[in-house]
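See below for the structure under consideration.
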Amino acid sequence: MIAIDLATTAVRDANRQLQSAADGRFEMLNPRGAHALACGLSAPLDVHVAGHVGYYCGGMNQHAAISVAGNAGVGVGENMMSGRLHVRGDASQSAGATGHGGLLVIDGNASARCGIAMKGIDIVVGGSVGHNSAFMAQAGHLVVCGDAEDGLGDSIYEAVIFVAGAVGALGADCVEKEMTADHLARLTELLAAAGLGQDPARFRRYGSARQLYNFKVDNLSAY
């Protein structure tokens with residue numbers, strides 16, 4: 001494993017070293033809440049960040065497996081394309097925002113707008129999520145092993161949400177849906193991939209009622 005000590009190496013230089021590598025295992029030491037760590041990786045690297053990180057850790061990731069031994073700031077895994085990003089603690093707002101693919105695992109809780117505008121990423125949260133999670137989520141899966149605050153799935157498109165705990169007021173056009181055998185199988189796969197020992201039978205499924213897809217003249221006064 002190659003060690004990169006952020007106490008003596010600038011973040012830009014550390015990211016440049018990772019971005020130029022074709023493969024290998026790396027450990028980023030002394031992150032001390034630094035922003036934009038391990039961003040823009042496009043190779044199958046194994047990167048371990050030994051501590052808390054700031055904004056946008058793992059953003060635009062492709063192929064790499066990144067783990068964070070601590071908490072993450074705003075936008076962890078933002079615009080992620082593929083690979084795996086595992087936060088061993090809690091995550092702040094907008095985790096996995098606009099993500100197109102890959103798997104984001106958060107062992108603890110995630111704050112507001114988790115999965116906002118997600119476009120194919122799979123997000124598994126071991127704890128609870130804040131308000132307006134999966135807002136305008138287009139594709140992918142959001143799995144919440146704890147509770148979800150108000151506004152869940154507001155203006156959702158075709159993403160799928162699974163929640164085991166209590167759910168506050170649902171967002172616009174988000175409704176509870178039947179848990180089919182196919183959905184249960186997919187949920188089981190996601191929980192296994194995240195390494196969480198949760199019973200899939202505890203979860204309920206939420207998604208779009210598809211009432212906002214088209215303009216309706218009867219609702220003109222509401223626009």
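Labeling convention for the structure tokens: chains A, B, ... as they appear, residues from 1 per chain, ligands from 1 in order of appearance.
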
Just the residues within 9 Å of Gly33 in chain A, please, counting only C-alpha atoms, with nothing from its chain fewer than 4 positions along; format it as a PDB file with N, CA and C atoms, in the first residue's frame.
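Just written: result.pdb:
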ATOM      1  N   GLY A  51      -9.557   8.944   8.111  1.00  0.00           N
ATOM      2  CA  GLY A  51     -10.062  10.031   8.925  1.00  0.00           C
ATOM      3  C   GLY A  51     -11.220  10.752   8.258  1.00  0.00           C
ATOM      4  N   HIS A  52     -11.657  11.850   8.885  1.00  0.00           N
ATOM      5  CA  HIS A  52     -12.796  12.611   8.385  1.00  0.00           C
ATOM      6  C   HIS A  52     -12.422  13.401   7.140  1.00  0.00           C
ATOM      7  N   VAL A  53     -13.421  13.607   6.264  1.00  0.00           N
ATOM      8  CA  VAL A  53     -13.195  14.361   5.029  1.00  0.00           C
ATOM      9  C   VAL A  53     -14.204  15.502   4.935  1.00  0.00           C
ATOM     10  N   GLY A  54     -13.882  16.501   4.123  1.00  0.00           N
ATOM     11  CA  GLY A  54     -14.754  17.644   3.913  1.00  0.00           C
ATOM     12  C   GLY A  54     -15.680  17.449   2.726  1.00  0.00           C
ATOM     13  N   TYR A  55     -15.845  18.508   1.946  1.00  0.00           N
ATOM     14  CA  TYR A  55     -16.784  18.493   0.820  1.00  0.00           C
ATOM     15  C   TYR A  55     -16.300  17.607  -0.328  1.00  0.00           C
ATOM     16  N   ASN A  71     -16.315  10.599   9.112  1.00  0.00           N
ATOM     17  CA  ASN A  71     -17.481  11.284   8.575  1.00  0.00           C
ATOM     18  C   ASN A  71     -17.122  12.022   7.287  1.00  0.00           C
ATOM     19  N   ALA A  72     -18.176  12.366   6.510  1.00  0.00           N
ATOM     20  CA  ALA A  72     -17.956  13.054   5.242  1.00  0.00           C
ATOM     21  C   ALA A  72     -18.808  14.311   5.176  1.00  0.00           C
ATOM     22  N   GLY A  73     -18.257  15.360   4.574  1.00  0.00           N
ATOM     23  CA  GLY A  73     -18.966  16.620   4.420  1.00  0.00           C
ATOM     24  C   GLY A  73     -19.935  16.599   3.258  1.00  0.00           C
TER      25      GLY A  73
END

Using only C-alpha atoms, determine which residues lie at most 12 Å from range 207-220 of chain A, disregarding the query and same-chain residues fewer than 6 positions distant; provide the list as JSON, numbers by chain.
{"A": [134, 135, 136, 137, 138, 139, 140, 141, 142, 152, 153, 154, 155, 156, 157, 158, 159, 160, 161, 162, 163, 170, 171, 172, 173, 174, 175, 176, 177, 178, 179, 183]}

Got time to write the residues from that selection, N, CA and C atoms, as an mmCIF file, in the first residue's frame?
data_model
loop_
_atom_site.group_PDB
_atom_site.id
_atom_site.type_symbol
_atom_site.label_atom_id
_atom_site.label_comp_id
_atom_site.auth_asym_id
_atom_site.auth_seq_id
_atom_site.Cartn_x
_atom_site.Cartn_y
_atom_site.Cartn_z
ATOM 1 N N ALA A 134 -33.736 12.063 -1.993
ATOM 2 C CA ALA A 134 -34.198 11.593 -3.307
ATOM 3 C C ALA A 134 -35.071 12.631 -4.014
ATOM 4 N N PHE A 135 -34.852 13.910 -3.722
ATOM 5 C CA PHE A 135 -35.565 14.971 -4.421
ATOM 6 C C PHE A 135 -35.196 14.948 -5.906
ATOM 7 N N MET A 136 -36.199 14.874 -6.770
ATOM 8 C CA MET A 136 -36.017 14.816 -8.225
ATOM 9 C C MET A 136 -35.102 13.661 -8.647
ATOM 10 N N ALA A 137 -35.159 12.566 -7.918
ATOM 11 C CA ALA A 137 -34.337 11.395 -8.244
ATOM 12 C C ALA A 137 -34.866 10.731 -9.512
ATOM 13 N N GLN A 138 -33.991 10.534 -10.469
ATOM 14 C CA GLN A 138 -34.411 10.052 -11.780
ATOM 15 C C GLN A 138 -34.274 8.541 -11.946
ATOM 16 N N ALA A 139 -33.197 7.970 -11.442
ATOM 17 C CA ALA A 139 -32.971 6.527 -11.593
ATOM 18 C C ALA A 139 -32.030 6.062 -10.502
ATOM 19 N N GLY A 140 -32.036 4.754 -10.251
ATOM 20 C CA GLY A 140 -31.210 4.182 -9.208
ATOM 21 C C GLY A 140 -32.035 3.812 -7.994
ATOM 22 N N HIS A 141 -31.357 3.491 -6.898
ATOM 23 C CA HIS A 141 -32.020 3.047 -5.681
ATOM 24 C C HIS A 141 -31.465 3.784 -4.466
ATOM 25 N N LEU A 142 -32.357 4.184 -3.578
ATOM 26 C CA LEU A 142 -31.972 4.717 -2.275
ATOM 27 C C LEU A 142 -32.529 3.786 -1.212
ATOM 28 N N LEU A 152 -39.590 13.166 1.491
ATOM 29 C CA LEU A 152 -38.938 12.044 0.821
ATOM 30 C C LEU A 152 -39.476 11.905 -0.605
ATOM 31 N N GLY A 153 -38.570 11.825 -1.570
ATOM 32 C CA GLY A 153 -38.958 11.573 -2.949
ATOM 33 C C GLY A 153 -39.718 12.694 -3.623
ATOM 34 N N ASP A 154 -39.576 13.913 -3.136
ATOM 35 C CA ASP A 154 -40.309 15.028 -3.741
ATOM 36 C C ASP A 154 -39.966 15.153 -5.233
ATOM 37 N N SER A 155 -41.005 15.182 -6.070
ATOM 38 C CA SER A 155 -40.850 15.332 -7.531
ATOM 39 C C SER A 155 -39.986 14.219 -8.125
ATOM 40 N N ILE A 156 -40.115 13.030 -7.575
ATOM 41 C CA ILE A 156 -39.315 11.888 -8.016
ATOM 42 C C ILE A 156 -39.729 11.444 -9.415
ATOM 43 N N TYR A 157 -38.794 10.883 -10.146
ATOM 44 C CA TYR A 157 -39.057 10.310 -11.464
ATOM 45 C C TYR A 157 -39.143 8.786 -11.326
ATOM 46 N N GLU A 158 -38.128 8.048 -11.786
ATOM 47 C CA GLU A 158 -38.224 6.588 -11.781
ATOM 48 C C GLU A 158 -37.235 5.915 -10.839
ATOM 49 N N ALA A 159 -36.633 6.657 -9.925
ATOM 50 C CA ALA A 159 -35.805 6.028 -8.897
ATOM 51 C C ALA A 159 -36.690 5.240 -7.938
ATOM 52 N N VAL A 160 -36.076 4.305 -7.228
ATOM 53 C CA VAL A 160 -36.798 3.453 -6.279
ATOM 54 C C VAL A 160 -36.237 3.694 -4.886
ATOM 55 N N ILE A 161 -37.127 3.872 -3.910
ATOM 56 C CA ILE A 161 -36.722 4.121 -2.525
ATOM 57 C C ILE A 161 -37.211 2.979 -1.645
ATOM 58 N N PHE A 162 -36.334 2.478 -0.794
ATOM 59 C CA PHE A 162 -36.687 1.469 0.202
ATOM 60 C C PHE A 162 -36.385 2.050 1.589
ATOM 61 N N VAL A 163 -37.353 2.000 2.488
ATOM 62 C CA VAL A 163 -37.149 2.519 3.847
ATOM 63 C C VAL A 163 -37.633 1.488 4.855
ATOM 64 N N LEU A 170 -44.535 12.522 2.838
ATOM 65 C CA LEU A 170 -43.929 12.258 1.538
ATOM 66 C C LEU A 170 -43.933 13.523 0.692
ATOM 67 N N GLY A 171 -42.922 13.634 -0.171
ATOM 68 C CA GLY A 171 -42.849 14.770 -1.076
ATOM 69 C C GLY A 171 -43.876 14.672 -2.187
ATOM 70 N N ALA A 172 -43.960 15.724 -2.991
ATOM 71 C CA ALA A 172 -44.927 15.791 -4.087
ATOM 72 C C ALA A 172 -44.749 14.624 -5.049
ATOM 73 N N ASP A 173 -45.836 13.937 -5.331
ATOM 74 C CA ASP A 173 -45.913 12.850 -6.303
ATOM 75 C C ASP A 173 -45.182 11.578 -5.864
ATOM 76 N N CYS A 174 -44.787 11.489 -4.613
ATOM 77 C CA CYS A 174 -44.172 10.266 -4.094
ATOM 78 C C CYS A 174 -45.208 9.482 -3.300
ATOM 79 N N VAL A 175 -45.324 8.191 -3.568
ATOM 80 C CA VAL A 175 -46.317 7.350 -2.902
ATOM 81 C C VAL A 175 -45.675 6.032 -2.505
ATOM 82 N N GLU A 176 -46.293 5.362 -1.535
ATOM 83 C CA GLU A 176 -45.857 4.012 -1.199
ATOM 84 C C GLU A 176 -46.351 3.050 -2.266
ATOM 85 N N LYS A 177 -45.532 2.078 -2.632
ATOM 86 C CA LYS A 177 -45.877 1.140 -3.693
ATOM 87 C C LYS A 177 -45.708 -0.302 -3.210
ATOM 88 N N GLU A 178 -46.265 -1.210 -3.971
ATOM 89 C CA GLU A 178 -46.170 -2.624 -3.633
ATOM 90 C C GLU A 178 -44.726 -3.102 -3.729
ATOM 91 N N MET A 179 -44.340 -3.920 -2.781
ATOM 92 C CA MET A 179 -43.020 -4.547 -2.804
ATOM 93 C C MET A 179 -43.137 -5.867 -3.559
ATOM 94 N N HIS A 183 -38.466 -6.482 -6.711
ATOM 95 C CA HIS A 183 -37.935 -5.411 -5.877
ATOM 96 C C HIS A 183 -37.287 -5.978 -4.612
#

Quick one: residues within 7 Å of Ala110 in chain A, only C-alpha atoms, excluding same-chain residues fewer than 5 positions away - as an MDAnalysis selection string?
chainID A and resid 90:93 128:130

Here is a test: counting only C-alpha atoms, which residue of A:Ile121, A:Asn79, A:Arg205, A:Gln62 is nearest to Asp182 in chain A?
A:Arg205

Can you measure CA of Thr98 in chain A to CA of Arg25 in chain A for me? One decimal in Å is fine.
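Between CA of Thr98 in chain A and CA of Arg25 in chain A the gap works out to 27.1 Å.
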
Using only C-alpha atoms, determine which residues lie at most 6 Å from Arg84 in chain A, disregarding the query and same-chain residues fewer than 5 positions distant; provide the list as a ChimeraX atom specification.
/A:65,102-104

Please compute the CA of Ala38 in chain A-CA of Asp13 in chain A distance, one decimal, in Å.
10.8 Å

Which of range 146-195 of chain A end up as helix (DSSP H, G or I) when DSSP is run on this backbone - answer as a ChimeraX atom specification?
/A:181-194

Now that the selection is made, can you save its residues with N, CA and C atoms as a compact mmCIF listing (two decimals), in the first residue's frame?
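Result file follows (selection_25.txt):
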# COMPACT_ATOMS: atom_id res chain seq x y z
N ALA A 181 -41.72 -9.22 -5.85
CA ALA A 181 -40.62 -10.17 -5.67
C ALA A 181 -39.34 -9.66 -6.30
N ASP A 182 -39.45 -9.00 -7.45
CA ASP A 182 -38.27 -8.45 -8.12
C ASP A 182 -37.64 -7.35 -7.29
N HIS A 183 -38.47 -6.48 -6.71
CA HIS A 183 -37.94 -5.41 -5.88
C HIS A 183 -37.29 -5.98 -4.61
N LEU A 184 -37.90 -6.98 -4.02
CA LEU A 184 -37.33 -7.60 -2.83
C LEU A 184 -35.98 -8.24 -3.14
N ALA A 185 -35.87 -8.85 -4.31
CA ALA A 185 -34.61 -9.47 -4.71
C ALA A 185 -33.52 -8.42 -4.90
N ARG A 186 -33.89 -7.30 -5.53
CA ARG A 186 -32.92 -6.23 -5.75
C ARG A 186 -32.49 -5.61 -4.43
N LEU A 187 -33.43 -5.41 -3.52
CA LEU A 187 -33.11 -4.88 -2.20
C LEU A 187 -32.17 -5.81 -1.46
N THR A 188 -32.41 -7.10 -1.53
CA THR A 188 -31.55 -8.08 -0.88
C THR A 188 -30.13 -7.99 -1.42
N GLU A 189 -29.99 -7.82 -2.73
CA GLU A 189 -28.67 -7.68 -3.35
C GLU A 189 -27.95 -6.43 -2.85
N LEU A 190 -28.68 -5.33 -2.76
CA LEU A 190 -28.06 -4.07 -2.34
C LEU A 190 -27.61 -4.14 -0.88
N LEU A 191 -28.43 -4.72 -0.02
CA LEU A 191 -28.04 -4.84 1.39
C LEU A 191 -26.82 -5.74 1.55
N ALA A 192 -26.76 -6.80 0.76
CA ALA A 192 -25.61 -7.69 0.81
C ALA A 192 -24.36 -6.99 0.30
N ALA A 193 -24.50 -6.24 -0.78
CA ALA A 193 -23.35 -5.52 -1.34
C ALA A 193 -22.83 -4.48 -0.37
N ALA A 194 -23.73 -3.90 0.43
CA ALA A 194 -23.32 -2.89 1.41
C ALA A 194 -22.77 -3.52 2.68

Might you pull out every residue within 9 Å of Val68 in chain A, with only C-alpha atoms counted and same-chain residues fewer than 2 positions away left off, and present them as a list in words?
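In the requested format, the answer is Val47, His48, Val49, Ala50, Gly51, His52, Val53, Cys57, Ile66, Gly70, Asn71, Ala72, Leu85, His86, Val87, Arg88 and Gly89 of chain A.
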
Could you save those same residues with N, CA and C atoms as a PDB file, in the first residue's frame?
ATOM      1  N   VAL A  47      -8.577   2.902  -2.499  1.00  0.00           N
ATOM      2  CA  VAL A  47      -8.126   4.078  -1.760  1.00  0.00           C
ATOM      3  C   VAL A  47      -8.783   4.095  -0.385  1.00  0.00           C
ATOM      4  N   HIS A  48      -7.968   4.160   0.650  1.00  0.00           N
ATOM      5  CA  HIS A  48      -8.468   4.249   2.016  1.00  0.00           C
ATOM      6  C   HIS A  48      -8.097   5.605   2.584  1.00  0.00           C
ATOM      7  N   VAL A  49      -9.105   6.356   3.049  1.00  0.00           N
ATOM      8  CA  VAL A  49      -8.868   7.661   3.659  1.00  0.00           C
ATOM      9  C   VAL A  49      -8.987   7.492   5.171  1.00  0.00           C
ATOM     10  N   ALA A  50      -7.898   7.734   5.879  1.00  0.00           N
ATOM     11  CA  ALA A  50      -7.820   7.431   7.310  1.00  0.00           C
ATOM     12  C   ALA A  50      -8.244   8.628   8.153  1.00  0.00           C
ATOM     13  N   GLY A  51      -9.557   8.944   8.111  1.00  0.00           N
ATOM     14  CA  GLY A  51     -10.062  10.031   8.925  1.00  0.00           C
ATOM     15  C   GLY A  51     -11.220  10.752   8.258  1.00  0.00           C
ATOM     16  N   HIS A  52     -11.657  11.850   8.885  1.00  0.00           N
ATOM     17  CA  HIS A  52     -12.796  12.611   8.385  1.00  0.00           C
ATOM     18  C   HIS A  52     -12.422  13.401   7.140  1.00  0.00           C
ATOM     19  N   VAL A  53     -13.421  13.607   6.264  1.00  0.00           N
ATOM     20  CA  VAL A  53     -13.195  14.361   5.029  1.00  0.00           C
ATOM     21  C   VAL A  53     -14.204  15.502   4.935  1.00  0.00           C
ATOM     22  N   CYS A  57     -15.802  14.556  -1.329  1.00  0.00           N
ATOM     23  CA  CYS A  57     -14.874  13.427  -1.382  1.00  0.00           C
ATOM     24  C   CYS A  57     -15.400  12.389  -2.375  1.00  0.00           C
ATOM     25  N   ILE A  66     -13.298   3.408  -2.840  1.00  0.00           N
ATOM     26  CA  ILE A  66     -12.822   4.386  -1.874  1.00  0.00           C
ATOM     27  C   ILE A  66     -13.521   4.142  -0.543  1.00  0.00           C
ATOM     28  N   GLY A  70     -14.321   7.617   8.711  1.00  0.00           N
ATOM     29  CA  GLY A  70     -14.782   8.773   9.460  1.00  0.00           C
ATOM     30  C   GLY A  70     -16.033   9.343   8.832  1.00  0.00           C
ATOM     31  N   ASN A  71     -16.315  10.599   9.112  1.00  0.00           N
ATOM     32  CA  ASN A  71     -17.481  11.284   8.575  1.00  0.00           C
ATOM     33  C   ASN A  71     -17.122  12.022   7.287  1.00  0.00           C
ATOM     34  N   ALA A  72     -18.176  12.366   6.510  1.00  0.00           N
ATOM     35  CA  ALA A  72     -17.956  13.054   5.242  1.00  0.00           C
ATOM     36  C   ALA A  72     -18.808  14.311   5.176  1.00  0.00           C
ATOM     37  N   LEU A  85     -17.971   3.670  -3.032  1.00  0.00           N
ATOM     38  CA  LEU A  85     -17.532   4.649  -2.047  1.00  0.00           C
ATOM     39  C   LEU A  85     -18.215   4.312  -0.731  1.00  0.00           C
ATOM     40  N   HIS A  86     -17.412   4.051   0.301  1.00  0.00           N
ATOM     41  CA  HIS A  86     -17.940   3.591   1.582  1.00  0.00           C
ATOM     42  C   HIS A  86     -17.531   4.563   2.678  1.00  0.00           C
ATOM     43  N   VAL A  87     -18.521   5.229   3.285  1.00  0.00           N
ATOM     44  CA  VAL A  87     -18.292   6.142   4.407  1.00  0.00           C
ATOM     45  C   VAL A  87     -18.617   5.390   5.684  1.00  0.00           C
ATOM     46  N   ARG A  88     -17.631   5.236   6.546  1.00  0.00           N
ATOM     47  CA  ARG A  88     -17.808   4.444   7.761  1.00  0.00           C
ATOM     48  C   ARG A  88     -18.515   5.212   8.883  1.00  0.00           C
ATOM     49  N   GLY A  89     -18.728   6.503   8.682  1.00  0.00           N
ATOM     50  CA  GLY A  89     -19.413   7.318   9.671  1.00  0.00           C
ATOM     51  C   GLY A  89     -20.678   7.928   9.089  1.00  0.00           C
TER      52      GLY A  89
END

Can you work out which one of A:Ile123, A:Val74, A:Ala21, A:Cys145 has the shortest atom-to-atom distance to Ser111 in chain A, counting only C-alpha atoms?
A:Val74

Nearby residues (only C-alpha atoms) at most 8 Å from Gly165 in chain A, same-chain spacing under 2 positions excluded, as a list in words
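With the cut-off at 8 Å, the set is Val144, Cys145, Gly146, Asp147, Ala148, Val163, Val167 and Phe203 of chain A.
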